[in-house]
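Containing mmCIF, N, CA and C atoms: query-v4.cif.
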data_upload
loop_
_atom_site.label_atom_id
_atom_site.label_comp_id
_atom_site.auth_asym_id
_atom_site.auth_seq_id
_atom_site.Cartn_x
_atom_site.Cartn_y
_atom_site.Cartn_z
N MET K 12 115.34 98.87 136.71
CA MET K 12 114.83 97.85 135.81
C MET K 12 113.86 98.52 134.86
N LYS K 13 113.94 98.14 133.60
CA LYS K 13 113.07 98.71 132.58
C LYS K 13 112.61 97.59 131.65
N ILE K 14 111.32 97.46 131.46
CA ILE K 14 110.82 96.47 130.51
C ILE K 14 111.04 97.01 129.11
N LYS K 15 111.65 96.24 128.26
CA LYS K 15 111.96 96.67 126.89
C LYS K 15 110.79 96.43 125.96
N HIS K 16 110.17 95.26 126.04
CA HIS K 16 108.97 95.03 125.25
C HIS K 16 108.08 94.01 125.95
N LEU K 17 106.87 93.95 125.51
CA LEU K 17 105.85 93.11 126.10
C LEU K 17 105.04 92.52 124.97
N SER K 18 104.68 91.25 125.08
CA SER K 18 103.79 90.60 124.11
C SER K 18 102.52 90.19 124.83
N ILE K 19 101.37 90.56 124.27
CA ILE K 19 100.09 90.23 124.90
C ILE K 19 99.13 89.70 123.86
N SER K 20 98.20 88.85 124.31
CA SER K 20 97.15 88.33 123.44
C SER K 20 96.09 89.40 123.23
N SER K 21 95.51 89.38 122.03
CA SER K 21 94.52 90.40 121.69
C SER K 21 93.47 89.82 120.75
N LYS K 22 92.23 90.22 120.96
CA LYS K 22 91.15 89.83 120.04
C LYS K 22 91.21 90.64 118.76
N VAL K 23 91.60 91.91 118.88
CA VAL K 23 91.66 92.82 117.72
C VAL K 23 92.99 93.57 117.74
N PRO K 24 94.07 92.88 117.37
CA PRO K 24 95.41 93.45 117.52
C PRO K 24 95.64 94.79 116.83
N GLU K 25 95.19 94.95 115.59
CA GLU K 25 95.45 96.20 114.88
C GLU K 25 94.76 97.37 115.58
N ARG K 26 93.51 97.21 115.94
CA ARG K 26 92.76 98.29 116.60
C ARG K 26 93.38 98.62 117.96
N SER K 27 93.68 97.60 118.74
CA SER K 27 94.23 97.84 120.08
C SER K 27 95.60 98.50 120.00
N ALA K 28 96.44 98.07 119.09
CA ALA K 28 97.76 98.68 118.92
C ALA K 28 97.62 100.14 118.47
N ALA K 29 96.69 100.40 117.57
CA ALA K 29 96.50 101.76 117.06
C ALA K 29 95.98 102.70 118.16
N ILE K 30 95.04 102.22 118.97
CA ILE K 30 94.51 103.07 120.03
C ILE K 30 95.59 103.32 121.09
N LEU K 31 96.34 102.28 121.46
CA LEU K 31 97.40 102.50 122.43
C LEU K 31 98.44 103.48 121.89
N ALA K 32 98.76 103.38 120.62
CA ALA K 32 99.70 104.33 120.01
C ALA K 32 99.16 105.75 120.11
N GLU K 33 97.86 105.92 119.90
CA GLU K 33 97.27 107.25 120.01
C GLU K 33 97.28 107.75 121.46
N LEU K 34 97.01 106.86 122.39
CA LEU K 34 97.00 107.23 123.81
C LEU K 34 98.39 107.59 124.33
N THR K 35 99.43 107.06 123.69
CA THR K 35 100.79 107.21 124.23
C THR K 35 101.77 107.89 123.28
N SER K 36 101.29 108.47 122.21
CA SER K 36 102.15 109.10 121.20
C SER K 36 103.14 108.10 120.61
N GLY K 37 102.68 106.89 120.41
CA GLY K 37 103.50 105.85 119.80
C GLY K 37 103.21 105.74 118.32
N GLU K 38 103.77 104.71 117.71
CA GLU K 38 103.59 104.43 116.29
C GLU K 38 103.05 103.01 116.16
N VAL K 39 102.14 102.79 115.24
CA VAL K 39 101.59 101.46 115.04
C VAL K 39 102.13 100.89 113.73
N LYS K 40 102.52 99.61 113.77
CA LYS K 40 103.04 98.92 112.59
C LYS K 40 102.63 97.46 112.65
N PRO K 41 102.53 96.82 111.49
CA PRO K 41 102.32 95.37 111.51
C PRO K 41 103.54 94.67 112.11
N PHE K 42 103.31 93.57 112.80
CA PHE K 42 104.37 92.75 113.36
C PHE K 42 104.92 91.87 112.24
N PRO K 43 106.20 91.99 111.92
CA PRO K 43 106.75 91.19 110.82
C PRO K 43 106.98 89.74 111.26
N SER K 44 106.21 88.82 110.71
CA SER K 44 106.34 87.41 111.08
C SER K 44 106.04 86.53 109.88
N LYS K 45 106.85 85.52 109.69
CA LYS K 45 106.61 84.55 108.61
C LYS K 45 105.65 83.46 109.05
N THR K 46 105.41 83.34 110.34
CA THR K 46 104.59 82.25 110.86
C THR K 46 103.29 82.69 111.50
N MET K 47 103.03 83.99 111.51
CA MET K 47 101.85 84.49 112.21
C MET K 47 101.23 85.63 111.40
N GLU K 48 99.91 85.63 111.32
CA GLU K 48 99.19 86.68 110.61
C GLU K 48 98.49 87.60 111.59
N ASN K 49 98.35 88.86 111.18
CA ASN K 49 97.53 89.85 111.88
C ASN K 49 98.02 90.26 113.26
N ALA K 50 99.31 90.15 113.51
CA ALA K 50 99.87 90.69 114.75
C ALA K 50 100.32 92.13 114.48
N TRP K 51 100.24 92.99 115.51
CA TRP K 51 100.57 94.41 115.36
C TRP K 51 101.44 94.88 116.50
N LEU K 52 102.12 95.99 116.29
CA LEU K 52 103.01 96.58 117.27
C LEU K 52 102.60 98.01 117.60
N CYS K 53 102.76 98.38 118.86
CA CYS K 53 102.74 99.77 119.28
C CYS K 53 104.18 100.06 119.69
N ILE K 54 104.82 100.99 118.99
CA ILE K 54 106.25 101.22 119.15
C ILE K 54 106.51 102.63 119.68
N TRP K 55 107.42 102.71 120.66
CA TRP K 55 107.88 104.02 121.15
C TRP K 55 109.30 104.29 120.69
N ASP K 56 110.14 103.28 120.67
CA ASP K 56 111.51 103.44 120.19
C ASP K 56 111.94 102.10 119.60
N GLU K 57 111.82 101.99 118.28
CA GLU K 57 112.11 100.72 117.61
C GLU K 57 113.56 100.31 117.78
N GLY K 58 114.48 101.27 117.71
CA GLY K 58 115.90 100.97 117.86
C GLY K 58 116.24 100.40 119.23
N GLU K 59 115.50 100.82 120.25
CA GLU K 59 115.71 100.32 121.61
C GLU K 59 114.75 99.17 121.96
N ASN K 60 113.94 98.75 120.99
CA ASN K 60 112.98 97.66 121.17
C ASN K 60 111.95 97.98 122.26
N GLU K 61 111.57 99.27 122.37
CA GLU K 61 110.55 99.68 123.33
C GLU K 61 109.21 99.64 122.63
N LEU K 62 108.47 98.54 122.86
CA LEU K 62 107.24 98.31 122.13
C LEU K 62 106.38 97.27 122.84
N ILE K 63 105.14 97.20 122.39
CA ILE K 63 104.23 96.14 122.81
C ILE K 63 103.75 95.42 121.57
N GLU K 64 103.84 94.10 121.61
CA GLU K 64 103.36 93.24 120.52
C GLU K 64 101.95 92.78 120.86
N PHE K 65 101.03 93.00 119.94
CA PHE K 65 99.65 92.54 120.10
C PHE K 65 99.49 91.28 119.25
N ILE K 66 99.44 90.14 119.91
CA ILE K 66 99.41 88.83 119.25
C ILE K 66 97.96 88.35 119.17
N PRO K 67 97.49 87.96 117.96
CA PRO K 67 96.12 87.46 117.85
C PRO K 67 95.90 86.27 118.79
N ASN K 68 94.74 86.23 119.43
CA ASN K 68 94.51 85.18 120.41
C ASN K 68 94.28 83.79 119.80
N GLN K 69 94.51 83.66 118.50
CA GLN K 69 94.50 82.34 117.88
C GLN K 69 95.88 81.67 118.00
N TYR K 70 96.86 82.39 118.53
CA TYR K 70 98.23 81.88 118.62
C TYR K 70 98.65 81.68 120.07
N ALA K 71 99.41 80.61 120.28
CA ALA K 71 100.00 80.36 121.59
C ALA K 71 101.51 80.40 121.47
N LEU K 72 102.16 80.92 122.48
CA LEU K 72 103.62 80.95 122.50
C LEU K 72 104.10 79.58 122.98
N CYS K 73 104.98 78.95 122.20
CA CYS K 73 105.44 77.60 122.49
C CYS K 73 106.97 77.52 122.43
N TYR K 74 107.49 76.54 123.11
CA TYR K 74 108.92 76.28 123.08
C TYR K 74 109.28 75.73 121.72
N GLY K 75 110.22 76.35 121.01
CA GLY K 75 110.64 75.88 119.70
C GLY K 75 112.05 75.31 119.73
N VAL K 76 112.46 74.71 118.65
CA VAL K 76 113.78 74.09 118.57
C VAL K 76 114.89 75.11 118.81
N HIS K 77 114.83 76.25 118.14
CA HIS K 77 115.88 77.26 118.25
C HIS K 77 115.46 78.49 119.06
N ALA K 78 114.19 78.72 119.16
CA ALA K 78 113.67 79.89 119.86
C ALA K 78 112.18 79.68 120.13
N ALA K 79 111.61 80.54 120.94
CA ALA K 79 110.17 80.50 121.17
C ALA K 79 109.46 80.77 119.85
N VAL K 80 108.34 80.09 119.63
CA VAL K 80 107.58 80.26 118.39
C VAL K 80 106.10 80.42 118.73
N TYR K 81 105.40 81.12 117.85
CA TYR K 81 103.94 81.20 117.97
C TYR K 81 103.34 80.14 117.08
N GLU K 82 102.42 79.35 117.66
CA GLU K 82 101.74 78.31 116.89
C GLU K 82 100.25 78.59 116.88
N ARG K 83 99.68 78.54 115.67
CA ARG K 83 98.24 78.75 115.52
C ARG K 83 97.48 77.63 116.22
N GLN K 84 96.44 77.99 116.93
CA GLN K 84 95.62 77.03 117.67
C GLN K 84 94.32 76.78 116.93
N ASP K 85 93.70 75.65 117.20
CA ASP K 85 92.41 75.34 116.57
C ASP K 85 91.32 76.30 117.02
N LYS K 86 91.40 76.74 118.27
CA LYS K 86 90.41 77.66 118.82
C LYS K 86 91.11 78.89 119.36
N SER K 87 90.44 80.02 119.28
CA SER K 87 90.96 81.25 119.89
C SER K 87 91.04 81.05 121.39
N GLN K 88 92.05 81.61 121.98
CA GLN K 88 92.20 81.58 123.43
C GLN K 88 91.35 82.73 123.98
N GLU K 89 90.26 82.42 124.62
CA GLU K 89 89.29 83.44 125.04
C GLU K 89 89.50 83.90 126.47
N PHE K 90 90.65 83.64 127.05
CA PHE K 90 90.92 84.10 128.39
C PHE K 90 92.15 85.00 128.37
N ASN K 91 92.22 85.89 129.34
CA ASN K 91 93.35 86.79 129.39
C ASN K 91 93.41 87.38 130.79
N ALA K 92 94.55 87.22 131.43
CA ALA K 92 94.73 87.80 132.76
C ALA K 92 95.78 88.90 132.71
N SER K 93 96.19 89.30 131.53
CA SER K 93 97.25 90.30 131.39
C SER K 93 96.70 91.72 131.48
N HIS K 94 97.46 92.56 132.13
CA HIS K 94 97.25 94.00 132.07
C HIS K 94 98.59 94.63 132.38
N PHE K 95 98.73 95.90 132.09
CA PHE K 95 100.00 96.55 132.34
C PHE K 95 99.76 98.02 132.64
N MET K 96 100.75 98.63 133.31
CA MET K 96 100.68 100.05 133.64
C MET K 96 101.76 100.78 132.87
N LEU K 97 101.39 101.92 132.32
CA LEU K 97 102.32 102.79 131.62
C LEU K 97 102.34 104.15 132.29
N GLU K 98 103.48 104.81 132.22
CA GLU K 98 103.54 106.19 132.68
C GLU K 98 102.91 107.06 131.60
N ALA K 99 101.88 107.79 131.96
CA ALA K 99 101.13 108.59 130.99
C ALA K 99 101.94 109.79 130.51
N ASN K 100 101.86 110.05 129.21
CA ASN K 100 102.46 111.27 128.66
C ASN K 100 101.37 112.22 128.16
N LYS K 101 100.12 111.92 128.54
CA LYS K 101 98.98 112.79 128.24
C LYS K 101 98.22 113.00 129.55
N ASP K 102 97.50 114.12 129.66
CA ASP K 102 96.74 114.35 130.87
C ASP K 102 95.44 113.55 130.85
N ILE K 103 94.76 113.53 131.98
CA ILE K 103 93.54 112.73 132.12
C ILE K 103 92.49 113.12 131.09
N ASN K 104 92.31 114.41 130.85
CA ASN K 104 91.30 114.84 129.88
C ASN K 104 91.60 114.31 128.48
N GLU K 105 92.87 114.28 128.09
CA GLU K 105 93.24 113.77 126.77
C GLU K 105 93.06 112.25 126.70
N LEU K 106 93.43 111.53 127.76
CA LEU K 106 93.20 110.08 127.80
C LEU K 106 91.70 109.79 127.66
N ALA K 107 90.89 110.54 128.40
CA ALA K 107 89.43 110.34 128.35
C ALA K 107 88.88 110.68 126.97
N ARG K 108 89.37 111.75 126.36
CA ARG K 108 88.89 112.14 125.03
C ARG K 108 89.19 111.04 124.00
N ILE K 109 90.39 110.50 124.02
CA ILE K 109 90.76 109.45 123.07
C ILE K 109 89.95 108.18 123.34
N ALA K 110 89.79 107.82 124.62
CA ALA K 110 89.00 106.64 124.95
C ALA K 110 87.55 106.81 124.49
N ASP K 111 86.96 107.98 124.73
CA ASP K 111 85.59 108.25 124.28
C ASP K 111 85.49 108.18 122.75
N LYS K 112 86.46 108.73 122.07
CA LYS K 112 86.47 108.72 120.59
C LYS K 112 86.37 107.31 120.05
N HIS K 113 86.98 106.35 120.75
CA HIS K 113 86.99 104.96 120.29
C HIS K 113 85.95 104.10 121.00
N GLY K 114 85.10 104.71 121.82
CA GLY K 114 84.04 103.97 122.51
C GLY K 114 84.56 103.01 123.56
N LEU K 115 85.67 103.35 124.21
CA LEU K 115 86.28 102.47 125.20
C LEU K 115 85.76 102.76 126.60
N VAL K 116 85.73 101.75 127.43
CA VAL K 116 85.43 101.91 128.85
C VAL K 116 86.68 102.47 129.51
N HIS K 117 86.52 103.49 130.36
CA HIS K 117 87.66 104.10 131.03
C HIS K 117 87.18 104.79 132.30
N ARG K 118 88.11 104.97 133.25
CA ARG K 118 87.74 105.66 134.49
C ARG K 118 88.99 105.96 135.32
N PHE K 119 88.83 106.95 136.18
CA PHE K 119 89.81 107.22 137.21
C PHE K 119 89.56 106.24 138.35
N ARG K 120 90.61 105.65 138.87
CA ARG K 120 90.47 104.70 139.99
C ARG K 120 91.34 105.20 141.13
N ALA K 121 90.70 105.67 142.18
CA ALA K 121 91.41 106.24 143.33
C ALA K 121 91.97 105.16 144.25
N ARG K 122 91.25 104.05 144.39
CA ARG K 122 91.65 102.99 145.30
C ARG K 122 91.89 101.70 144.53
N PHE K 123 92.08 100.61 145.26
CA PHE K 123 92.28 99.29 144.66
C PHE K 123 93.44 99.31 143.66
N GLY K 124 94.60 99.75 144.17
CA GLY K 124 95.78 99.84 143.32
C GLY K 124 96.03 101.23 142.77
N GLY K 125 95.05 102.13 142.94
CA GLY K 125 95.18 103.48 142.43
C GLY K 125 95.92 104.37 143.39
N PRO K 126 96.02 105.63 143.07
CA PRO K 126 95.32 106.29 141.97
C PRO K 126 95.97 105.98 140.62
N LEU K 127 95.10 105.71 139.67
CA LEU K 127 95.51 105.45 138.30
C LEU K 127 94.34 105.70 137.38
N TYR K 128 94.59 105.64 136.08
CA TYR K 128 93.53 105.83 135.10
C TYR K 128 93.44 104.57 134.27
N GLU K 129 92.27 103.91 134.27
CA GLU K 129 92.05 102.68 133.51
C GLU K 129 91.53 103.01 132.12
N VAL K 130 92.08 102.34 131.12
CA VAL K 130 91.52 102.37 129.77
C VAL K 130 91.48 100.92 129.29
N TRP K 131 90.29 100.46 128.92
CA TRP K 131 90.10 99.10 128.44
C TRP K 131 90.15 99.10 126.91
N LEU K 132 91.27 98.61 126.34
CA LEU K 132 91.41 98.54 124.88
C LEU K 132 90.44 97.54 124.28
N GLU K 133 90.16 96.48 125.02
CA GLU K 133 89.22 95.43 124.65
C GLU K 133 88.50 95.03 125.93
N ASP K 134 87.48 94.19 125.83
CA ASP K 134 86.75 93.81 127.04
C ASP K 134 87.59 92.99 128.01
N SER K 135 88.72 92.47 127.58
CA SER K 135 89.60 91.73 128.49
C SER K 135 91.04 92.23 128.42
N LEU K 136 91.24 93.47 127.99
CA LEU K 136 92.60 94.00 127.86
C LEU K 136 92.68 95.40 128.47
N LEU K 137 93.23 95.45 129.67
CA LEU K 137 93.30 96.66 130.47
C LEU K 137 94.69 97.29 130.40
N VAL K 138 94.72 98.61 130.21
CA VAL K 138 95.95 99.39 130.37
C VAL K 138 95.69 100.38 131.50
N GLU K 139 96.61 100.41 132.45
CA GLU K 139 96.53 101.37 133.54
C GLU K 139 97.56 102.46 133.27
N PHE K 140 97.16 103.70 133.49
CA PHE K 140 98.06 104.83 133.30
C PHE K 140 98.34 105.49 134.64
N TRP K 141 99.61 105.87 134.83
CA TRP K 141 100.05 106.55 136.03
C TRP K 141 100.82 107.80 135.63
N SER K 142 100.66 108.84 136.40
CA SER K 142 101.47 110.06 136.26
C SER K 142 101.32 110.83 137.57
N ARG K 143 102.14 111.86 137.73
CA ARG K 143 101.99 112.73 138.92
C ARG K 143 100.61 113.38 138.92
N GLU K 144 100.15 113.79 137.74
CA GLU K 144 98.82 114.41 137.66
C GLU K 144 97.75 113.42 138.11
N ILE K 145 97.83 112.19 137.63
CA ILE K 145 96.84 111.17 138.00
C ILE K 145 96.95 110.87 139.49
N GLN K 146 98.15 110.78 140.00
CA GLN K 146 98.37 110.51 141.42
C GLN K 146 97.74 111.60 142.29
N ASN K 147 97.75 112.83 141.82
CA ASN K 147 97.22 113.95 142.59
C ASN K 147 95.76 114.29 142.26
N TYR K 148 95.16 113.57 141.35
CA TYR K 148 93.79 113.83 140.92
C TYR K 148 92.84 113.59 142.09
N THR K 149 91.91 114.51 142.33
CA THR K 149 91.06 114.41 143.50
C THR K 149 89.59 114.17 143.21
N VAL K 150 89.22 114.23 141.92
CA VAL K 150 87.81 114.01 141.56
C VAL K 150 87.49 112.53 141.71
N ASN K 151 86.28 112.22 142.16
CA ASN K 151 85.79 110.83 142.26
C ASN K 151 86.63 110.00 143.22
N LYS K 152 87.02 110.54 144.34
CA LYS K 152 87.85 109.80 145.30
C LYS K 152 87.13 108.57 145.85
N ASN K 153 85.83 108.46 145.61
CA ASN K 153 85.08 107.30 146.10
C ASN K 153 85.04 106.16 145.09
N CYS K 154 85.83 106.22 144.05
CA CYS K 154 85.85 105.16 143.02
C CYS K 154 86.32 103.86 143.61
#
Kindly transcribe the structure held in the file into structure tokens.
Amino acid sequence: MKIKHLSISSKVPERSAAILAELTSGEVKPFPSKTMENAWLCIWDEGENELIEFIPNQYALCYGVHAAVYERQDKSQEFNASHFMLEANKDINELARIADKHGLVHRFRARFGGPLYEVWLEDSLLVEFWSREIQNYTVNKNC
């Protein structure tokens, strides 16, 4: 089983998509939509639809007549329980360097679902990274 794409709510879609693209060697592009403004994409393979859509938290996904549609809400949705794990294509030092460059909270997590490497794109938007290197990482085992 392989997830082809994922759509998540975001407070700052362009910034979050751009940082994730940098962390994963992806490409960032605006999300083409006639009904929604300021949505962005982090793309790994556009032809295969391997991407993450960063949807502004002013929009809710709703059942539409012909397809699902995003509808602008009166208030931003300030809650988010979404997070996802990606297989890392960069080592821990490079993930940490990019996270530091953007002032992001990040850490190695040995337990509680780990070993993995957490990078918080926003205060409520977590990306977990996994790789053989991260799985074998031994520093901070008391995390």
For the structure I just gave you, how does DSSP split chain K - specifically, which residues are alpha helix (DSSP H)? Reply as a PyMOL selection string.
chain K and resi 24-35+103-112+143-147
Residues matched by the PyMOL selection byres (((chain K and resi 56 and name CA) around 12) and name CA) as a ChimeraX atom specification
/K:15-16,32,36-39,52-55,57-63
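Residue nearest Leu136 in chain K, chosen from K:Ala107, K:Ala92, K:Ala71, K:Leu17 and counting all atoms listed in the file: K:Ala92.
Distances to Asn68 in chain K were evaluated for K:Tyr148, K:Trp131, K:Phe90, K:Phe42 using all atoms listed in the file, and the minimum falls at K:Phe90.
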Among listed residues K:Val80, K:Met47, K:Val23, K:Ile145, nearest Glu129 in chain K (using only C-alpha atoms):
K:Ile145
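Residue nearest Glu25 in chain K within the list K:Gly124, K:Trp51, K:Tyr74, K:Arg118: K:Trp51 [criterion: smallest interatomic distance, all atoms listed in the file].
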With only N, CA and C atoms as the atoms that count, which of K:Ala110, K:Tyr81, K:Phe123, K:Lys86 lies nearest to Thr46 in chain K?
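Result for the nearest residue to Thr46 in chain K: K:Tyr81.
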Taking into account all atoms listed in the file, which residue in the set K:Tyr128, K:Arg83, K:Phe140, K:Pro67 is nearest to Lys22 in chain K?
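Ranked by minimum distance to Lys22 in chain K, first place goes to K:Pro67.
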Expected answer as JSON, numbers by chain: strand (DSSP E) residues in chain K:
{"K": [16, 17, 18, 19, 20, 21, 38, 39, 40, 41, 51, 52, 53, 54, 55, 56, 61, 62, 63, 64, 65, 66, 67, 70, 71, 72, 73, 80, 81, 82, 83, 94, 95, 96, 97, 98, 117, 118, 119, 120, 127, 128, 129, 130, 131, 132, 133, 136, 137, 138, 139, 140, 141]}
Find the distance between CA of Ala79 in chain K and CA of Asn49 in chain K and write it in Å to one decimal.
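Going from CA of Ala79 in chain K over to CA of Asn49 in chain K covers 18.3 Å.
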To one decimal place in Å, what is the distance between CA of Arg120 in chain K and atom C of Ile30 in chain K?
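That distance, rounded to one decimal, is 19.6 Å.
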Interatomic distance between atom N of Glu98 in chain K and CA of Ser142 in chain K?
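Between these atoms lies a distance of 6.9 Å.
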Please define a box with edges along x, y and z of the file around all atoms of range 110-119 of chain K given in the file, extend it by 4 Å on each side, and return its centre and edge lengths in Å to one decimal, as AutoDock Vina command-line options.
--center_x 86.9 --center_y 105.2 --center_z 129.2 --size_x 13.8 --size_y 15.0 --size_z 26.3
